[in-house]
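Colleague: Data file entry.txt (compact mmCIF, C-alpha atoms) is appended below.
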# COMPACT_ATOMS: atom_id res chain seq x y z
CA MET A 1 7.00 -32.22 26.68
CA LYS A 2 7.48 -33.31 30.27
CA LEU A 3 8.45 -30.64 32.79
CA SER A 4 9.04 -32.88 35.76
CA SER A 5 8.12 -36.18 37.30
CA SER A 6 7.42 -37.47 40.79
CA PRO A 7 8.05 -40.91 42.30
CA ARG A 8 4.70 -40.49 43.99
CA ILE A 9 2.81 -39.42 40.90
CA ARG A 10 0.15 -42.04 41.56
CA ARG A 11 -0.90 -40.22 44.66
CA ALA A 12 -0.92 -36.91 42.83
CA ALA A 13 -2.79 -38.46 39.96
CA VAL A 14 -5.79 -39.33 42.01
CA LEU A 15 -5.88 -36.52 44.36
CA GLY A 16 -9.00 -35.42 43.89
CA ALA A 17 -11.25 -34.96 46.28
CA ALA A 18 -13.32 -32.52 48.44
CA ALA A 19 -14.50 -30.00 50.93
CA LEU A 20 -18.20 -29.70 50.33
CA THR A 21 -19.32 -27.33 53.05
CA LEU A 22 -16.20 -25.29 53.33
CA THR A 23 -16.55 -21.56 53.81
CA ALA A 24 -13.06 -20.62 54.97
CA THR A 25 -11.64 -17.38 53.63
CA LEU A 26 -8.60 -17.85 51.46
CA ALA A 27 -5.47 -15.79 51.72
CA GLY A 28 -5.22 -12.67 49.62
CA CYS A 29 -4.10 -9.07 49.74
CA SER A 30 -6.06 -7.55 46.89
CA ALA A 31 -7.51 -9.79 44.23
CA GLN A 32 -6.84 -8.79 40.65
CA GLY A 33 -10.52 -8.12 39.96
CA SER A 34 -10.43 -5.01 42.15
CA GLY A 35 -10.27 -1.93 39.98
CA SER A 36 -9.38 -3.91 36.87
CA ASN A 37 -10.92 -3.66 33.44
CA GLY A 38 -11.78 -6.11 30.72
CA THR A 39 -14.92 -8.05 29.93
CA TYR A 40 -14.35 -10.58 32.69
CA GLY A 41 -12.87 -8.34 35.38
CA PHE A 42 -9.18 -8.43 34.45
CA PRO A 43 -6.96 -6.96 31.71
CA GLU A 44 -7.18 -9.30 28.72
CA ALA A 45 -4.54 -10.14 26.14
CA LYS A 46 -5.37 -9.68 22.47
CA GLN A 47 -7.59 -12.64 21.65
CA ASP A 48 -7.03 -15.15 18.86
CA LYS A 49 -9.76 -17.80 18.80
CA THR A 50 -7.76 -19.92 16.35
CA SER A 51 -4.70 -20.22 18.59
CA THR A 52 -3.65 -23.46 20.28
CA ILE A 53 -4.27 -23.64 24.01
CA THR A 54 -1.52 -25.03 26.22
CA VAL A 55 -2.83 -27.16 29.08
CA TRP A 56 -0.74 -28.35 32.04
CA VAL A 57 -1.93 -31.59 33.62
CA ASP A 58 -0.61 -34.38 35.83
CA SER A 59 -0.45 -37.85 34.31
CA SER A 60 -3.89 -38.88 35.56
CA ARG A 61 -5.60 -35.95 33.84
CA GLN A 62 -4.29 -36.92 30.41
CA PRO A 63 -7.53 -38.83 29.69
CA ALA A 64 -9.43 -35.59 30.34
CA VAL A 65 -7.42 -33.89 27.60
CA GLU A 66 -8.04 -36.77 25.22
CA ALA A 67 -11.78 -36.75 25.94
CA PHE A 68 -11.92 -33.02 25.23
CA GLU A 69 -9.99 -33.35 21.98
CA LYS A 70 -12.33 -36.11 20.83
CA ALA A 71 -15.40 -34.01 21.56
CA ASN A 72 -13.88 -30.77 20.21
CA PRO A 73 -11.70 -31.62 17.20
CA SER A 74 -11.69 -28.02 15.97
CA ILE A 75 -9.83 -26.78 19.07
CA LYS A 76 -6.07 -27.35 19.11
CA VAL A 77 -4.63 -28.44 22.47
CA LYS A 78 -1.00 -28.80 23.49
CA ALA A 79 -0.81 -30.93 26.65
CA VAL A 80 2.16 -30.57 28.97
CA THR A 81 2.64 -33.11 31.78
CA TYR A 82 4.00 -31.96 35.14
CA ASP A 83 3.76 -33.15 38.74
CA GLY A 84 0.55 -31.25 39.52
CA SER A 85 2.29 -29.57 42.49
CA ALA A 86 2.02 -32.90 44.28
CA ASN A 87 2.97 -33.15 47.96
CA GLY A 88 3.42 -29.39 48.26
CA SER A 89 6.15 -29.22 45.60
CA ASN A 90 4.97 -25.68 44.71
CA SER A 91 5.98 -26.27 41.09
CA PHE A 92 2.91 -24.48 39.73
CA LYS A 93 3.66 -21.28 41.62
CA THR A 94 7.40 -21.45 40.94
CA LYS A 95 6.97 -21.87 37.18
CA MET A 96 4.42 -19.06 36.92
CA GLY A 97 6.81 -16.78 38.80
CA LEU A 98 9.46 -17.44 36.16
CA TYR A 99 7.00 -16.64 33.37
CA ASP A 100 6.02 -13.45 35.17
CA LYS A 101 9.66 -12.36 35.13
CA ALA A 102 10.00 -13.25 31.46
CA GLY A 103 6.70 -11.60 30.60
CA LYS A 104 5.63 -14.54 28.46
CA GLY A 105 5.21 -18.33 28.36
CA TRP A 106 2.16 -18.80 30.59
CA PRO A 107 -0.02 -21.84 29.83
CA ASP A 108 -3.70 -21.24 29.11
CA VAL A 109 -5.00 -23.82 31.59
CA VAL A 110 -3.38 -25.48 34.62
CA PHE A 111 -4.52 -28.41 36.74
CA SER A 112 -3.24 -28.54 40.32
CA SER A 113 -3.63 -31.30 42.87
CA GLN A 114 -3.51 -28.68 45.64
CA ASN A 115 -6.37 -26.69 47.17
CA ASN A 116 -4.43 -23.61 48.25
CA ASP A 117 -3.25 -22.24 44.90
CA ALA A 118 -6.02 -19.67 44.54
CA SER A 119 -4.55 -17.89 47.57
CA TRP A 120 -1.54 -16.81 45.50
CA ALA A 121 -2.73 -17.22 41.89
CA SER A 122 -5.43 -14.56 42.37
CA GLN A 123 -2.94 -11.95 43.58
CA LYS A 124 -0.88 -9.29 41.88
CA VAL A 125 2.76 -9.67 42.87
CA GLY A 126 5.24 -6.83 42.33
CA GLY A 127 2.80 -5.08 40.05
CA LYS A 128 2.51 -8.15 37.83
CA GLN A 129 -0.93 -9.24 36.68
CA ALA A 130 -2.27 -12.16 38.71
CA PHE A 131 -2.07 -15.51 36.93
CA ALA A 132 -5.60 -16.72 37.60
CA ALA A 133 -8.45 -15.37 35.52
CA ARG A 134 -11.55 -14.48 37.46
CA LEU A 135 -14.27 -16.92 36.44
CA ASP A 136 -17.47 -15.60 37.98
CA LYS A 137 -17.89 -12.49 35.80
CA GLY A 138 -19.00 -14.45 32.78
CA LEU A 139 -15.91 -16.40 31.75
CA VAL A 140 -17.65 -19.48 33.19
CA PRO A 141 -21.47 -19.16 33.16
CA SER A 142 -23.12 -18.70 36.55
CA SER A 143 -25.44 -21.58 35.69
CA THR A 144 -22.40 -23.86 35.55
CA LEU A 145 -20.75 -22.54 38.71
CA SER A 146 -23.99 -22.87 40.68
CA ASN A 147 -24.16 -26.59 39.90
CA PHE A 148 -20.91 -27.40 41.70
CA THR A 149 -21.55 -29.14 45.00
CA LYS A 150 -22.24 -26.69 47.81
CA GLY A 151 -19.00 -25.56 49.40
CA SER A 152 -16.78 -27.24 46.82
CA LEU A 153 -15.59 -23.93 45.33
CA ALA A 154 -14.51 -22.53 48.71
CA PRO A 155 -10.81 -23.28 47.98
CA CYS A 156 -11.23 -21.30 44.74
CA THR A 157 -12.86 -18.27 46.34
CA VAL A 158 -10.84 -15.22 47.39
CA ASP A 159 -12.56 -12.09 48.71
CA GLY A 160 -15.83 -13.34 47.27
CA ALA A 161 -14.50 -13.93 43.74
CA THR A 162 -14.02 -17.33 42.07
CA TYR A 163 -10.63 -18.07 40.47
CA CYS A 164 -10.74 -21.81 39.77
CA VAL A 165 -13.10 -24.77 39.67
CA ARG A 166 -12.77 -28.10 41.42
CA ASN A 167 -12.13 -31.26 39.45
CA ASP A 168 -13.21 -33.70 42.14
CA LEU A 169 -13.81 -34.03 45.84
CA ALA A 170 -11.73 -35.92 48.37
CA GLN A 171 -13.96 -36.14 51.42
CA THR A 172 -12.69 -38.70 53.93
CA ALA A 173 -14.87 -41.59 55.07
CA LEU A 174 -14.31 -44.96 56.73
CA TRP A 175 -13.34 -47.71 54.29
CA TYR A 176 -13.51 -51.25 55.63
CA ASN A 177 -13.29 -54.89 54.59
CA LYS A 178 -16.78 -56.19 55.31
CA SER A 179 -15.74 -59.83 54.82
CA LEU A 180 -12.88 -59.59 57.32
CA LEU A 181 -14.99 -57.70 59.81
CA GLU A 182 -17.61 -60.46 59.76
CA GLN A 183 -14.98 -63.21 59.79
CA PHE A 184 -13.38 -61.79 62.93
CA GLY A 185 -16.75 -61.13 64.59
CA TYR A 186 -16.17 -57.38 64.96
CA GLN A 187 -18.79 -54.65 64.90
CA LEU A 188 -18.26 -51.60 62.72
CA PRO A 189 -17.23 -48.72 65.02
CA THR A 190 -19.63 -45.79 65.33
CA THR A 191 -17.29 -43.37 67.14
CA TRP A 192 -13.56 -42.65 67.18
CA GLN A 193 -13.42 -44.09 70.69
CA GLU A 194 -14.85 -47.38 69.37
CA TYR A 195 -12.40 -47.22 66.47
CA GLN A 196 -9.48 -46.95 68.90
CA ALA A 197 -10.84 -49.80 71.02
CA LEU A 198 -11.17 -51.96 67.92
CA GLY A 199 -7.58 -51.13 66.94
CA GLU A 200 -6.40 -52.27 70.37
CA LYS A 201 -8.39 -55.50 70.03
CA VAL A 202 -7.04 -56.15 66.53
CA ALA A 203 -3.47 -55.68 67.75
CA LYS A 204 -4.06 -58.27 70.46
CA ASP A 205 -6.21 -60.84 68.66
CA HIS A 206 -5.14 -60.42 65.02
CA PRO A 207 -1.60 -59.00 64.97
CA GLY A 208 -0.44 -58.01 61.51
CA TYR A 209 -3.82 -56.56 60.51
CA ILE A 210 -4.31 -52.80 60.52
CA VAL A 211 -7.11 -50.26 60.96
CA GLY A 212 -5.37 -47.36 59.25
CA ALA A 213 -2.17 -45.70 58.07
CA VAL A 214 -0.35 -42.54 59.17
CA GLY A 215 2.73 -42.66 56.97
CA ASP A 216 1.69 -40.05 54.41
CA THR A 217 1.95 -36.29 54.44
CA PHE A 218 -1.84 -35.98 54.33
CA THR A 219 -2.27 -37.77 57.68
CA PRO A 220 -3.38 -34.58 59.51
CA GLU A 221 -6.11 -34.08 56.90
CA VAL A 222 -7.54 -37.50 57.77
CA TYR A 223 -7.22 -37.61 61.56
CA MET A 224 -6.57 -34.10 62.91
CA TRP A 225 -9.05 -32.35 60.62
CA ALA A 226 -11.77 -34.87 61.55
CA SER A 227 -11.15 -34.05 65.21
CA LYS A 228 -11.63 -30.28 64.70
CA CYS A 229 -7.99 -29.61 65.50
CA GLN A 230 -7.55 -25.87 64.98
CA ALA A 231 -4.22 -26.13 63.21
CA ASN A 232 -5.18 -24.36 60.02
CA ASP A 233 -8.04 -21.93 60.68
CA VAL A 234 -7.79 -19.15 58.11
CA THR A 235 -9.81 -16.30 59.61
CA GLY A 236 -9.04 -13.48 57.19
CA PRO A 237 -7.09 -12.52 54.06
CA ARG A 238 -3.81 -12.61 56.00
CA SER A 239 -4.87 -14.00 59.37
CA ILE A 240 -4.69 -17.53 60.71
CA THR A 241 -5.43 -19.09 64.09
CA VAL A 242 -3.24 -22.00 65.17
CA ASP A 243 -3.84 -23.99 68.34
CA THR A 244 -2.57 -27.56 68.15
CA THR A 245 -2.52 -28.00 71.93
CA SER A 246 -6.31 -28.02 72.26
CA SER A 247 -8.22 -31.01 73.59
CA GLU A 248 -9.46 -31.73 70.07
CA CYS A 249 -5.90 -32.03 68.80
CA LYS A 250 -4.75 -34.02 71.79
CA GLN A 251 -7.49 -36.65 71.54
CA ALA A 252 -6.59 -37.41 67.91
CA ALA A 253 -2.86 -37.40 68.64
CA SER A 254 -3.30 -39.71 71.64
CA MET A 255 -5.29 -42.14 69.53
CA ILE A 256 -2.60 -42.15 66.84
CA ASP A 257 0.12 -42.73 69.44
CA THR A 258 -1.76 -45.65 70.99
CA LEU A 259 -2.46 -47.41 67.72
CA VAL A 260 0.98 -46.79 66.23
CA LYS A 261 2.56 -48.26 69.35
CA ASN A 262 0.52 -51.47 69.08
CA LYS A 263 1.07 -51.53 65.28
CA SER A 264 -2.60 -51.49 64.28
CA LEU A 265 -1.77 -48.17 62.57
CA THR A 266 1.12 -48.44 60.14
CA THR A 267 3.65 -45.66 59.63
CA LEU A 268 4.33 -46.82 56.07
CA SER A 269 3.09 -44.71 53.18
CA VAL A 270 0.14 -46.34 51.45
CA PHE A 271 1.98 -45.73 48.19
CA SER A 272 5.12 -47.63 49.17
CA PRO A 273 5.93 -51.12 47.86
CA ASP A 274 6.47 -52.26 51.46
CA PHE A 275 2.93 -51.27 52.37
CA VAL A 276 1.47 -53.31 49.52
CA LYS A 277 3.70 -56.27 50.30
CA GLN A 278 3.00 -56.26 54.02
CA TYR A 279 -0.70 -55.37 54.14
CA THR A 280 -2.40 -56.82 51.07
CA GLY A 281 -5.32 -58.77 52.50
CA LYS A 282 -4.69 -57.36 55.97
CA VAL A 283 -6.40 -53.98 55.91
CA LEU A 284 -9.42 -54.38 58.18
CA MET A 285 -10.40 -50.75 57.81
CA MET A 286 -8.88 -47.42 56.91
CA PRO A 287 -10.14 -43.85 57.28
CA GLY A 288 -9.30 -42.05 54.07
CA PRO A 289 -10.46 -40.01 51.08
CA SER A 290 -12.94 -41.02 48.43
CA TRP A 291 -10.16 -41.64 45.91
CA TYR A 292 -8.80 -44.51 48.04
CA ALA A 293 -11.36 -46.72 46.27
CA GLY A 294 -9.54 -46.65 42.95
CA ALA A 295 -6.07 -45.72 44.13
CA LEU A 296 -5.64 -48.43 46.75
CA PHE A 297 -8.43 -50.95 47.11
CA ASN A 298 -9.63 -51.60 43.56
CA ASN A 299 -6.17 -51.32 42.04
CA PRO A 300 -4.22 -54.35 40.74
CA GLU A 301 -0.98 -52.53 41.49
CA SER A 302 -1.94 -51.85 45.11
CA LEU A 303 -4.12 -53.76 47.61
CA ASN A 304 -6.34 -55.29 44.90
CA VAL A 305 -9.23 -56.08 47.28
CA PRO A 306 -11.48 -58.73 45.68
CA LYS A 307 -14.97 -57.89 44.49
CA GLY A 308 -17.68 -57.94 47.15
CA GLN A 309 -15.47 -57.18 50.17
CA LEU A 310 -14.98 -53.39 50.30
CA GLY A 311 -17.48 -51.29 52.19
CA VAL A 312 -17.60 -47.62 53.14
CA ALA A 313 -19.21 -45.93 56.14
CA ALA A 314 -19.91 -42.31 56.96
CA PRO A 315 -17.26 -40.35 58.92
CA LEU A 316 -16.91 -41.19 62.60
CA PRO A 317 -17.76 -38.66 65.34
CA TRP A 318 -16.06 -38.31 68.68
CA LYS A 319 -18.48 -39.49 71.37
CA GLY A 320 -21.04 -36.83 72.21
CA GLU A 321 -20.20 -34.72 69.16
CA SER A 322 -21.46 -34.42 65.61
CA ALA A 323 -19.37 -36.07 62.94
CA VAL A 324 -17.09 -33.92 60.83
CA THR A 325 -14.50 -35.00 58.34
CA GLY A 326 -11.45 -33.89 56.40
CA ASN A 327 -10.49 -33.50 52.78
CA VAL A 328 -7.40 -34.89 51.05
CA GLY A 329 -6.86 -33.11 47.78
CA GLY A 330 -9.52 -32.25 45.27
CA GLY A 331 -7.84 -31.04 42.11
CA THR A 332 -8.39 -27.52 40.81
CA TRP A 333 -8.44 -26.09 37.28
CA PHE A 334 -7.23 -22.57 36.54
CA ILE A 335 -7.56 -20.43 33.42
CA SER A 336 -4.72 -18.00 32.82
CA SER A 337 -5.57 -14.31 32.74
CA HIS A 338 -2.83 -14.04 30.08
CA SER A 339 -4.55 -16.46 27.68
CA GLN A 340 -5.01 -15.31 24.08
CA ASN A 341 -7.84 -17.79 23.64
CA LEU A 342 -10.04 -17.42 26.69
CA SER A 343 -13.01 -18.86 24.82
CA ALA A 344 -11.29 -22.20 24.17
CA ALA A 345 -9.71 -22.25 27.63
CA SER A 346 -13.09 -21.75 29.25
CA LYS A 347 -14.68 -24.40 27.07
CA PHE A 348 -11.91 -26.84 28.05
CA VAL A 349 -12.26 -26.22 31.80
CA GLN A 350 -16.03 -26.53 31.69
CA PHE A 351 -15.81 -29.77 29.71
CA VAL A 352 -13.31 -31.55 31.94
CA THR A 353 -15.17 -30.64 35.13
CA THR A 354 -18.76 -31.19 34.03
CA ASP A 355 -19.01 -33.48 31.00
CA ASP A 356 -20.15 -37.05 31.61
CA SER A 357 -17.70 -38.46 29.07
CA TYR A 358 -14.89 -37.65 31.47
CA GLN A 359 -16.29 -37.01 34.94
CA VAL A 360 -18.71 -39.95 34.95
CA ASP A 361 -17.14 -42.38 32.50
CA GLN A 362 -13.43 -41.97 33.29
CA ALA A 363 -12.68 -39.85 36.37
CA PRO A 364 -11.24 -41.84 39.30
CA GLY A 365 -12.61 -39.53 41.99
CA TYR A 366 -15.95 -38.17 43.23
CA PRO A 367 -16.82 -35.27 40.87
CA ALA A 368 -17.19 -31.79 42.30
CA TYR A 369 -19.91 -31.03 39.77
CA ALA A 370 -23.09 -32.20 41.49
CA PRO A 371 -24.97 -33.62 38.48
CA ALA A 372 -21.89 -35.65 37.53
CA ALA A 373 -21.36 -36.79 41.14
CA LYS A 374 -24.84 -38.31 41.29
CA LYS A 375 -24.23 -40.26 38.10
CA TRP A 376 -20.70 -41.24 39.19
CA ILE A 377 -22.03 -42.77 42.43
CA ALA A 378 -24.71 -44.67 40.51
CA LYS A 379 -22.13 -46.03 38.09
CA GLN A 380 -19.78 -47.14 40.89
CA GLU A 381 -22.59 -48.92 42.71
CA SER A 382 -23.81 -50.64 39.55
CA SER A 383 -20.37 -52.19 39.02
CA GLY A 384 -21.09 -54.79 41.69
CA TYR A 385 -17.61 -54.30 43.14
CA TYR A 386 -18.62 -52.89 46.52
CA ALA A 387 -20.01 -54.81 49.48
CA THR A 388 -22.15 -51.83 50.54
CA ASP A 389 -23.78 -48.86 48.90
CA LEU A 390 -21.72 -45.66 48.69
CA SER A 391 -24.02 -43.44 50.74
CA GLY A 392 -21.17 -43.00 53.21
CA LEU A 393 -19.34 -40.90 50.61
CA THR A 394 -22.40 -38.77 49.97
CA THR A 395 -22.80 -38.20 53.72
CA ALA A 396 -19.12 -37.34 54.06
CA ALA A 397 -19.46 -34.80 51.26
CA GLY A 398 -21.63 -32.67 53.53
CA GLU A 399 -19.58 -33.03 56.69
CA VAL A 400 -16.20 -31.50 55.84
CA TRP A 401 -15.28 -29.23 58.76
CA THR A 402 -15.00 -25.55 57.81
CA GLY A 403 -12.41 -24.73 60.47
CA TRP A 404 -9.54 -26.08 58.36
CA GLY A 405 -8.68 -23.46 55.75
CA TYR A 406 -6.61 -22.97 52.63
CA PRO A 407 -3.63 -20.68 53.28
CA ALA A 408 -0.86 -19.99 50.80
CA PHE A 409 1.42 -22.67 52.24
CA SER A 410 1.30 -26.46 52.43
CA GLN A 411 0.25 -28.11 55.68
CA GLU A 412 1.40 -31.41 54.25
CA ALA A 413 4.96 -30.15 53.85
CA ILE A 414 4.97 -28.87 57.45
CA TRP A 415 3.69 -32.19 58.82
CA ALA A 416 6.27 -34.05 56.76
CA LYS A 417 9.11 -32.06 58.30
CA SER A 418 7.90 -31.77 61.88
CA ILE A 419 5.78 -34.85 62.67
CA THR A 420 6.49 -37.62 60.16
CA PRO A 421 10.03 -38.13 61.57
CA VAL A 422 8.45 -38.42 65.05
CA LEU A 423 6.11 -41.16 63.83
CA THR A 424 8.77 -43.14 62.00
CA SER A 425 11.17 -42.97 64.93
CA GLY A 426 8.62 -44.23 67.45
CA GLY A 427 8.08 -40.88 69.15
CA SER A 428 4.86 -39.40 70.49
CA VAL A 429 2.72 -37.13 68.33
CA GLU A 430 0.91 -35.79 71.38
CA SER A 431 4.21 -34.78 72.99
CA ASN A 432 5.21 -32.92 69.83
CA LEU A 433 2.04 -30.97 69.13
CA ASP A 434 3.80 -27.78 70.23
CA THR A 435 6.58 -28.51 67.72
CA TRP A 436 3.97 -28.79 64.99
CA GLN A 437 2.36 -25.54 66.14
CA THR A 438 5.66 -23.67 66.04
CA ALA A 439 6.39 -24.99 62.55
CA ILE A 440 2.96 -23.84 61.30
CA LYS A 441 3.35 -20.45 62.93
CA ASN A 442 6.80 -19.91 61.43
CA GLN A 443 5.70 -20.89 57.93
CA ALA A 444 2.58 -18.72 58.18
CA GLN A 445 4.61 -15.70 59.20
CA VAL A 446 7.07 -16.28 56.35
CA ASN A 447 4.04 -16.11 54.04
CA GLY A 448 2.85 -12.84 55.55
CA TYR A 449 0.16 -14.06 57.90
CA THR A 450 -0.69 -12.64 61.30
CA VAL A 451 -0.86 -15.67 63.59
CA LYS A 452 -3.13 -15.90 66.59
Please render this file's structure as structure tokens.
Modeller:
Amino acid sequence: MKLSSSPRIRRAAVLGAAALTLTATLAGCSAQGSGSNGTYGFPEAKQDKTSTITVWVDSSRQPAVEAFEKANPSIKVKAVTYDGSANGSNSFKTKMGLYDKAGKGWPDVVFSSQNNDASWASQKVGGKQAFAARLDKGLVPSSTLSNFTKGSLAPCTVDGATYCVRNDLAQTALWYNKSLLEQFGYQLPTTWQEYQALGEKVAKDHPGYIVGAVGDTFTPEVYMWASKCQANDVTGPRSITVDTTSSECKQAASMIDTLVKNKSLTTLSVFSPDFVKQYTGKVLMMPGPSWYAGALFNNPESLNVPKGQLGVAAPLPWKGESAVTGNVGGGTWFISSHSQNLSAASKFVQFVTTDDSYQVDQAPGYPAYAPAAKKWIAKQESSGYYATDLSGLTTAAGEVWTGWGYPAFSQEAIWAKSITPVLTSGGSVESNLDTWQTAIKNQAQVNGYTVK
């Protein structure tokens, strides 16, 4: 059964990735655990441990289902493929709302490529029981939850309770072609200012080569987040601070404008055929998430960078400041509070997020589960594909800025509507920061937030 499809499913498939030190408070009025009963802190359906569990996944998580079935042949699983709420489609929330109205039909487990779903899935709406089961009252053992990388469960935490677990992390770092860098005689930049200067030099001396891309909806999570732009600072259950006209926002926007104008930053989506056609062999460097390794660089259908060329460095700081970085994705797994087989659902979620047979052997992204992440890094390095070690990813994992939160709406969708057209038409991002701010404010208010 296929609910929907997306022309950009590849991007959704690998989103996975990571805010490792995040402590932002997620949106929420009153989480379902408050005043509720049941063994795990919510009203439970009549349990049937022999029943089939229905699991919603995007296409990339199908191998996780298959690995679980192989390891647990006694548990029956019905896999349903959907778009994973990619690019802010909101399909997860929309479908659950329909099931709430019908009073039946909820899946037992759902994977989402988004990090903001706990903000709504943990809430009672119109007297209806919240979709997400609370996990930290025994449904998932505390010994398991405590082994997730520090900060990685922040997007799953509402009012101190945990409602999902992370599949993988998507911390952004600086990917670069070590062979090209040496061939051109360039030094690896150590600050954003040096990065901009290098982009200007590349445009002049090696036109056609690029140092990054800003054509995707997650662009603000790569550049604005890493500049501490206070565009998405969730300060309370229904409070958010938005200030996109700060110096931190302006310095990142000015850099983007400069490098887009000289064409060392492309405005093409990295998932477009034109990007692959135009820039294969011509990406000198690119700030981006950990999953870029398999999605773009080491992918025969994308840039297909040869073995021994790709390196990764820790996130860049602005001069005089400590380095921080952003997070692009980082899939989340939810267990339904309506499930009639919570035991199997819990076993499934624990397996796909912690077991080596999936997270180490098959997963395309940096695992959120710390023991698996250590093994995953070791396996990637032992492949001999990379030109450097992958310590830059480990460093990035601890530098995700906590001032960018997880409200109940999609920042990517807002950027796509308010700023992407500016970029593609040759306009100035810096001159339109107030437009972006207004768009964020309006969407936040629609979702019930008080905006400062």
Colleague: Report the distance between CA of His338 in chain A and CA of Arg61 in chain A in Å, rounded to one decimal place.
Modeller: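 Pair CA of His338 in chain A / CA of Arg61 in chain A returns 22.4 Å.
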Colleague: Using Å and a single decimal, report how far CA of Val65 in chain A sits from CA of Thr52 in chain A.
Modeller: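 One can read the CA of Thr52 in chain A to CA of Val65 in chain A distance as 13.3 Å.
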Colleague: Considering all atoms listed in the file, state which residue in the set A:Ala64, A:Ala378, A:Ala132, A:Leu174 is at the smallest distance from Ala314 in chain A.
Modeller: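 Among the listed residues, the smallest separation from Ala314 in chain A belongs to A:Leu174.
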Colleague: When distances are computed from only C-alpha atoms, which of A:Thr266, A:Gly326, A:Ser112, A:Thr219 shows the smallest separation from Ala203 in chain A?
Modeller: A:Thr266
Colleague: Hey, could you make a per-residue contact list for range 80-100 of chain A against range 116-125 of chain A with 12 Å as the cut-off, showing the nearest pair of atoms and its distance in Å to one decimal, counting all atoms listed in the file, sorted by chain and number, as JSON lines?
Modeller:
{"residue": "A:Gly84", "atom": "CA", "partner": "A:Asp117", "partner_atom": "CA", "distance": 11.2}
{"residue": "A:Ser85", "atom": "CA", "partner": "A:Asp117", "partner_atom": "CA", "distance": 9.5}
{"residue": "A:Ala86", "atom": "CA", "partner": "A:Asp117", "partner_atom": "CA", "distance": 11.9}
{"residue": "A:Gly88", "atom": "CA", "partner": "A:Asn116", "partner_atom": "CA", "distance": 9.7}
{"residue": "A:Ser89", "atom": "CA", "partner": "A:Asp117", "partner_atom": "CA", "distance": 11.7}
{"residue": "A:Asn90", "atom": "CA", "partner": "A:Asp117", "partner_atom": "CA", "distance": 8.9}
{"residue": "A:Ser91", "atom": "CA", "partner": "A:Asp117", "partner_atom": "CA", "distance": 10.8}
{"residue": "A:Phe92", "atom": "CA", "partner": "A:Asp117", "partner_atom": "CA", "distance": 8.3}
{"residue": "A:Lys93", "atom": "CA", "partner": "A:Ala121", "partner_atom": "CA", "distance": 7.6}
{"residue": "A:Thr94", "atom": "CA", "partner": "A:Ala121", "partner_atom": "CA", "distance": 11.0}
{"residue": "A:Lys95", "atom": "CA", "partner": "A:Ala121", "partner_atom": "CA", "distance": 11.7}
{"residue": "A:Met96", "atom": "CA", "partner": "A:Ala121", "partner_atom": "CA", "distance": 8.9}
{"residue": "A:Gly97", "atom": "CA", "partner": "A:Val125", "partner_atom": "CA", "distance": 9.1}
{"residue": "A:Asp100", "atom": "CA", "partner": "A:Val125", "partner_atom": "CA", "distance": 9.2}
Colleague: Got a sec to check which residues sit within 12 Å of (0.5, -46.5, 67.1), counting all atoms listed in the file, and write them as a count of residues only?
Modeller: 36
Colleague: I'd like to know which of A:Leu284, A:Asp168, A:Val77, A:Ser152 is closest to His206 in chain A, using all atoms listed in the file.
Modeller: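 So, comparing all the options, the nearest one is A:Leu284.
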Colleague: Which value, in Å to one decimal, gives the distance between CA of Val276 in chain A and CA of Pro189 in chain A?
Modeller: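 Value for the CA of Val276 in chain A-CA of Pro189 in chain A distance: 24.7 Å.
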Colleague: What's the 9 Å shell around Thr245 in chain A, counting only C-alpha atoms, without same-chain residues fewer than 6 positions away, as a PyMOL selection string?
Modeller: chain A and resi 229-230+430+433-434+437
Colleague: Which residue gives the smallest distance to Val165 in chain A among A:Leu316, A:Val352, A:Val242, A:Val270, with all atoms listed in the file counted?
Modeller: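 Ranked by minimum distance to Val165 in chain A, first place goes to A:Val352.
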Colleague: Using only C-alpha atoms, can you tell me which of A:Ser143, A:Gln350, A:Ser227, A:Asn37 comes closest to Phe334 in chain A?
Modeller: A:Gln350
Colleague: Taking all atoms listed in the file into account, name the residue in A:Ala130, A:Val55, A:Ala67, A:Ala408 that is nearest to Ala79 in chain A.
Modeller: A:Val55
Colleague: Can you list, as a PyMOL selection string, every protein, DNA or RNA residue that comes within 9 Å of range 381-396 of chain A when you count only C-alpha atoms, leaving out same-chain residues fewer than 2 positions away?
Modeller: chain A and resi 20+171-174+177-179+289-290+298+306-315+323-326+366+376-379+398-400
Colleague: Env of Trp56 in chain A: 7 Å cut, atoms = only C-alpha atoms, seq-sep filter 5 positions within chain, self excluded. Answer as an MDAnalysis selection string.
Modeller: chainID A and resid 79:82 107 109:111
Colleague: Taking 2 positions as the minimum chain separation for residues in the same chain, which residues sit within 12 Å of range 412-414 of chain A when counting all atoms listed in the file? Answer as a ChimeraX atom specification.
Modeller: /A:85-90,114-116,215-222,231-232,328-329,406-407,409-410,416-421,435-444
